[in-house]
Amino acid sequence: MTLPDDRPQVNDGAAAATTEGSLLPLEHGDVYVRRDGPRNAPALVLIHGSASSTRSWDRLVPLLTAAHCVVRIDLLGHGRSSEPADHGYEITEQGRTVGAALDRLGVEHAVVVGHSSGGYAATALAEQRPDLVTALSLVNTGPRLDAFVATESAAIGPEHWPPTDEQVRHLATTAFRAGFRIPQELVDDMRGMTHHAFTTSMQASRAYLDQQTLPDRLKTLGKPLQVIFGDQDRRWRPSSAADYRVVPGALVELLPGSGHTPIVEDPPQTAALLLPFTTTHAPRPRNGT
C-alpha cells in the first residue's frame, strides 16, 4: 500500500528524486517505510530511537538525498507501524523486521544509521544479515547500561496514558541539549504510542545491552563503524563514546554543542560528519532499487 505524502514528488526518470511512503505487511504487523531520493542511488537506511518515528529524521534527510536513496522505517509499535499483539519488540525481532522490510523493497546492500536505541536494532540487523549491512553509523547510541546518566522521570501509569504535551516534554527533556524546544511532531509521536509499546520497547533496549555491551557485539562483526556523539548528551555519558574504540578501525567523533539528538538539533553538522563515511562505504548502486 502506498500512502500519500505531504511533500511534492518528482519523477523525471529512473534517477529522479522521489518521496514515497508505504505500509508493508510483515510477520508481526504492517511496517511503515519511506524512501527519499533517487531510487538507483546507494541505499542509506535510517532507524529512529525509542518513542520516536521516521519523522525524527525529517530535518536531516534533505541533506542526504544528493548521495543516497534514503530509506526510513517506523519500528513496530512506533509511528505508522503496527503494534504487535504479543511479541516483536525484542531488539533481535526489530532487527529481523527491518531486514524483512528491506528485502521487500529490494534493497540488497545498505549503510545503516541508528539514532539512540535505533542503533541497537541496526546492530542486531548487522549481526543477523552481514550480507545486507555494508557499514554502521551510530548516533548517540549508549554503549553499556552504566553509561546512562539521565535521572529517571516519574513513570506514567497506563491509567494516565496518553500523557499531555507538557508531560511528554518533561519526560523527553534530557533527549535534547539544555534549552532546546522539542518539536511538536516528536511530542505527537510519543503521545501516539500505547503505554505497552512505550514501556516494552524501553525494556527491550535495556535487555539487549544487559545481555552484552554494544562494543563487544560490534568488535566481532568486522563492519566499518562510525560513532557520533553530541558532547552535551544528557542521557548517555559523552565520554562513553570512547568505549567503541575497541572496535577495530572505529571512527569516533564528538559533535560540539549538541545533545542526545543532533539529527534534530543540528542537522547540517550531523550530515557533515555522516556523509564522508556513508559515501565511502556506500554499496554499489543498482538500477531499480
# chains A, B, ... in the order shown; residues from 1 in each chain; ligands from 1
call {"tool": "closest_atom_pairs", "arguments": {"of": "stretch 76-170 of chain A", "to": "stretch 251-260 of chain A", "cutoff": "12 Å", "atoms": "only C-alpha atoms", "output": "JSON lines"}}
result
{"residue": "A:His115", "atom": "CA", "partner": "A:His260", "partner_atom": "CA", "distance": 9.1}
{"residue": "A:Ser116", "atom": "CA", "partner": "A:His260", "partner_atom": "CA", "distance": 7.7}
{"residue": "A:Ser117", "atom": "CA", "partner": "A:His260", "partner_atom": "CA", "distance": 11.2}
{"residue": "A:Ala135", "atom": "CA", "partner": "A:Leu251", "partner_atom": "CA", "distance": 11.6}
{"residue": "A:Leu136", "atom": "CA", "partner": "A:Leu251", "partner_atom": "CA", "distance": 10.5}
{"residue": "A:Ser137", "atom": "CA", "partner": "A:Leu251", "partner_atom": "CA", "distance": 9.2}
{"residue": "A:Leu138", "atom": "CA", "partner": "A:Val252", "partner_atom": "CA", "distance": 9.6}
{"residue": "A:Val139", "atom": "CA", "partner": "A:His260", "partner_atom": "CA", "distance": 8.4}
{"residue": "A:Asn140", "atom": "CA", "partner": "A:His260", "partner_atom": "CA", "distance": 5.9}
{"residue": "A:Thr141", "atom": "CA", "partner": "A:His260", "partner_atom": "CA", "distance": 8.8}
{"residue": "A:Gly142", "atom": "CA", "partner": "A:His260", "partner_atom": "CA", "distance": 10.0}
{"residue": "A:Phe148", "atom": "CA", "partner": "A:His260", "partner_atom": "CA", "distance": 11.6}
{"residue": "A:Val149", "atom": "CA", "partner": "A:His260", "partner_atom": "CA", "distance": 11.7}
{"residue": "A:Ala150", "atom": "CA", "partner": "A:His260", "partner_atom": "CA", "distance": 10.8}
call {"tool": "residues_around", "arguments": {"residues": "A:His195", "least_positions_apart": "3", "cutoff": "8 Å", "atoms": "only C-alpha atoms", "output": "list in words"}}
result
Gly157, Pro158, Trp161, Pro162, Phe198 and Thr199 of chain A
call {"tool": "residues_around", "arguments": {"residues": "stretch 102-106 of chain A", "least_positions_apart": "2", "cutoff": "8 Å", "atoms": "only C-alpha atoms", "output": "list in words"}}
result
Leu24, Val98, Gly99, Ala100, Glu108 and Thr289 of chain A
call {"tool": "write_last_selection", "arguments": {"atoms": "C-alpha atoms", "output": "mmCIF file, in the first residue's frame"}}
result
data_model
loop_
_atom_site.group_PDB
_atom_site.id
_atom_site.type_symbol
_atom_site.label_atom_id
_atom_site.label_comp_id
_atom_site.auth_asym_id
_atom_site.auth_seq_id
_atom_site.Cartn_x
_atom_site.Cartn_y
_atom_site.Cartn_z
ATOM 1 C CA LEU A 24 4.408 -3.330 4.172
ATOM 2 C CA VAL A 98 13.914 -4.185 9.367
ATOM 3 C CA GLY A 99 15.679 -6.837 7.295
ATOM 4 C CA ALA A 100 12.360 -8.214 6.044
ATOM 5 C CA GLU A 108 20.301 -5.861 -1.180
ATOM 6 C CA THR A 289 16.335 -0.294 -6.224
#
call {"tool": "residues_around", "arguments": {"residues": "stretch 82-89 of chain A", "least_positions_apart": "6", "cutoff": "7 Å", "atoms": "only C-alpha atoms", "output": "count of residues only"}}
result
9
call {"tool": "atom_distance", "arguments": {"atom1": "atom CA of A:Leu218", "atom2": "atom CA of A:Glu127"}}
result
8.4 Å
call {"tool": "select_by_dssp", "arguments": {"residues": "stretch 103-218 of chain A", "states": "strand (DSSP E)", "output": "PyMOL selection string"}}
result
chain A and resi 110-115+133-139
call {"tool": "select_by_dssp", "arguments": {"residues": "stretch 92-263 of chain A", "states": "helix (DSSP H, G or I)", "output": "VMD selection string"}}
result
chain A and resid 92 to 105 118 to 128 145 to 147 158 to 160 165 to 171 173 to 175 184 to 191 195 to 211 214 to 218 238 to 246 262 to 263
call {"tool": "closest_residue", "arguments": {"among": "A:Thr19, A:Thr194, A:Gln167, A:Thr174", "to": "A:Gly77", "atoms": "only C-alpha atoms"}}
result
A:Thr194
call {"tool": "atom_distance", "arguments": {"atom1": "atom CA of A:Thr279", "atom2": "atom CA of A:Asp74"}}
result
23.7 Å
call {"tool": "closest_residue", "arguments": {"among": "A:Ala172, A:Val246, A:Val45, A:Val107", "to": "A:Gly119", "atoms": "only C-alpha atoms"}}
result
A:Val45
call {"tool": "atom_distance", "arguments": {"atom1": "atom CA of A:Leu225", "atom2": "atom CA of A:Thr261"}}
result
18.9 Å
